[in-house]
Structures are given as C-alpha cells and as structure tokens.
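Let me begin by presenting the structure, written as structure tokens, before commenting on it.
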Amino acid sequence: MSMGLYAPYITPEMEEHRKKIREFAEKELAPLRQEYEEKNLDGLGKEFPWDLYKKIGERGYLAEHIPKEYGGKGESFLKEIITIEEVARVCGTFSVIVDYTPTLVCNPLFTFGTEEQKKKYLPPLVKGEKVGSYALTEPNAGSDVASIETKAEKKGDKYIINGYKKFIMLGNIADIFLVFAKTKPEAGARGITVFILERDMEGISFPKQEKKLGLRAAPTSEIKLENVEVTSDQILGGPEQENKGIYVALDALDHGRCGVAAQGLGAAQAAFEQALKFASERIQFGTPIISFQAIQWMLADMAMRIDA
Ligand SMILES: Cc1cc2nc3c(=O)[nH]c(=O)nc-3n(C[C@H](O)[C@H](O)[C@H](O)COP(=O)(O)OP(=O)(O)OC[C@H]3O[C@@H](n4cnc5c(N)ncnc54)[C@H](O)[C@@H]3O)c2cc1C
C-alpha cells in the first residue's frame, strides 16, 4: 500500500488520509523516536511515550473505526490500517500504540461488548486516556489457545479468577484487560470466557517485564491473577457469552493480524526509502552505487514485494 502505486481498494479520500498521517508522523513522531529508543535501551519499556499516546488519542488516530457514539470517528477499518502503516514507517514502537489497544481491545469490546460495556470502556481507550491489554497467552499456551490454564471458578454470583499470563503487550501499564479464562475446563476451546478486568481490582500483579530487542519503549509483561473476584457483569458481552470466548479470541486476532501486517509494511517501506536514498548518495568507482545493475535489482525486488 505504498503511496502512488496501484492499490484497487484505496480511494482518493484514503490517499488524502495517508498524506495527513504521514505529515503528522514525520513532523511530530519521528523527532522523538531516538529519544524513546535511548531511554529504553534495557528493553524493559519503563519509559512509555505517554505524551505521544495522549496526543495521538486527542487527534483521533486511535481506533478510528469505532463509531462516534463511543468516542471514535466511525471510519473504515482500512483507514485505521493506513494510520498504523504510516506510523510504522517512522517508528515501530509508536506503531504499537496505534495498533495494539485499538485492534485487540477496542475492536472486541465494540464487536462483542454489551451497550453498557461499550459506553463505559471505549471512550477513554479511544481518546488515549486509558490503555487496554489483551491477555490470552500463558507459559504453556501460545499457538494452542485452547490449552490455557487460567481458571474462573463460579462461586455464587461471583467468579474467582486464578492464573498466569505471559508476553502481554502494555500489560503492566494497562488500565483495562481482556482476560481469557476457562469457565468449563472439560469443554476445551468451548469452555473459555473473556472477562473485562480493571487495574485496581484486587489480586492483579505484574511480576516480570520482558527484555526486548525491539519495540523497546512498549513494555511486554507477565500478569499474575490471584483470586481476582468479579461478577458476571464483567463477562465481555454479558452472562450469555459464558464459554464463547474462543470466538472473541479468533476475531480479535484476525483484526490484530491486519494491524501487525500494516506494521511490517510500514517498516518495509521505510527500509526501502532509506536504501534508495543511500544508494543514490553513496559514490563508489566515481558513480552513485545506484547506477550498478546489481543494486538496481535489489531495489526493484524490494519495491515489488512491498507493492505486492
Ligand atoms: C512482543 C510480543 C508481544 C506479545 N503480545 C501479546 C499480547 O499482548 N497478548 C497475548 O495474549 N499474547 C501476546 N504475545 C504472545 C504471542 O501471541 C505468542 O507468542 C504466540 O501466540 C505464539 O506462542 P508461543 O510464543 O508460545 O509459541 P509456540 O506456540 O510455542 O510456538 C513455537 C513455534 O512452533 C510453531 N508451531 C506451533 N504450533 C504449530 C503447528 N500446529 N504447526 C506448525 N508449527 C507450529 C510456531 O509457529 C512457533 O514457530 C506476544 C508475543 C510477543 C513476542
């Protein structure tokens, strides 16, 4: 989806949107990239760019597809994907900000949440006032989602949640969590329920953050859930959604993967532009190296793969 090349689904209005985001990203985000990288050299993500998160939210660039009545803009999901791609073109970590909570938390809240849940949780997430996390992965359950061991036991009108989540992006700084837990363990994939947890609920802690090599300013955390008590109102979609969490997991990942693909595309576009610039400026054997056919082939392959 690079600017100016043939892209059948991209309307002139979307190209305008791309230009606007590109200008914003180059002017307001790119100058801070190095600063946040250097502040987070240990990879633990202790210095999260709160200033940028809030600014991006205020500009309305978080979860643009969420309808206006819940704080969004009611734009197409494709437009949101263009935003993610353009932000990734200037910085990987900042693209997590526009991708993660919007696609993996706002989208499931909007698609599966009750009216009350949407009104309560979406506006602060979309405005960048709060951060949301999607807590599915566990030490023994990665690709094999159905094998999660976190349990939510029903006791009277309450559920008691116990378990351990791993690799949770923005986990230790999030305000709102979509937590996947087994409510009917013997039913496997059909015994999973999604609970909306809030940071100040008793029993939630963040024992460890990963030391990452990339996306350094965005923390990735473990989450311990110890006798966290909730009512059935905290089930995403309400009590009738009990044991239907696998559909939420898969739908959210479908949207999340579009965002991750856009991040990859934005990063590839940036790499191509830098390679093109360097090859045009670097002189060897008395000529810019771009005049050598071997270099031209590499650049042509890059451009072709990005456009495809
Ligand atoms: C930076 C980062 C952020 C993350 N953020 C989150 C988050 O916010 N929330 C969350 O819930 N999770 C998150 N994750 C977890 C991520 O979703 C998991 O890493 C992913 O589901 C894979 O699980 P795993 O790492 O345990 O790998 P495994 O499932 O153990 O897989 C190991 C390898 O085996 C391969 N493999 C597995 N099964 C098969 C199969 N059937 N056929 C062929 N090959 C197979 C995999 O492709 C992989 O190469 C994050 C991970 C990272 C690295």
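Chain lettering (A, B, ...) mirrors the order of the structure tokens, residue numbering begins at 1 for each chain separately, and ligand numbering begins at 1 in order of display.
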Q: Going by DSSP on the backbone, which bits of region 65-277 of chain A are strand (DSSP E)? Write them as a ChimeraX atom specification, please.
A: /A:132-135,151-155,158-169,176-182,192-198,204-205,220-231
Q.
List as a ChimeraX atom specification the protein and nucleic acid residues near Leu109 (chain A), meaning an atom at most 12 Å away when only C-alpha atoms are counted, but skip any in the same chain fewer than 3 places from it.
A. /A:63,66,70,101-106,112-123,125-126,132-134,176-178,194-196,234-238,248-249,251-252
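We find atom 52 (C, counted along the ligand's line) of ligand 1 and CA of Ser205 (chain A) to be spaced 19.1 Å apart.
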Q: Within region 84-303 of chain A, find each residue whose DSSP state, derived from the backbone, is alpha helix (DSSP H), and express the selection as a ChimeraX atom specification.
A: /A:84-90,92-101,107-112,115-126,245-281,293-303
Q. Of the candidates A:Glu138, A:Glu242, A:Glu210, A:Glu15, which one gets nearest to Leu78 (chain A) if we count only C-alpha atoms?
A. A:Glu15
Q: Throw together the list of residues within 8 Å of ligand 1, counting only C-alpha atoms and all ligand atoms, and drop it here as an MDAnalysis selection string.
A: chainID A and resid 100 133:145 165:171 212 215 220
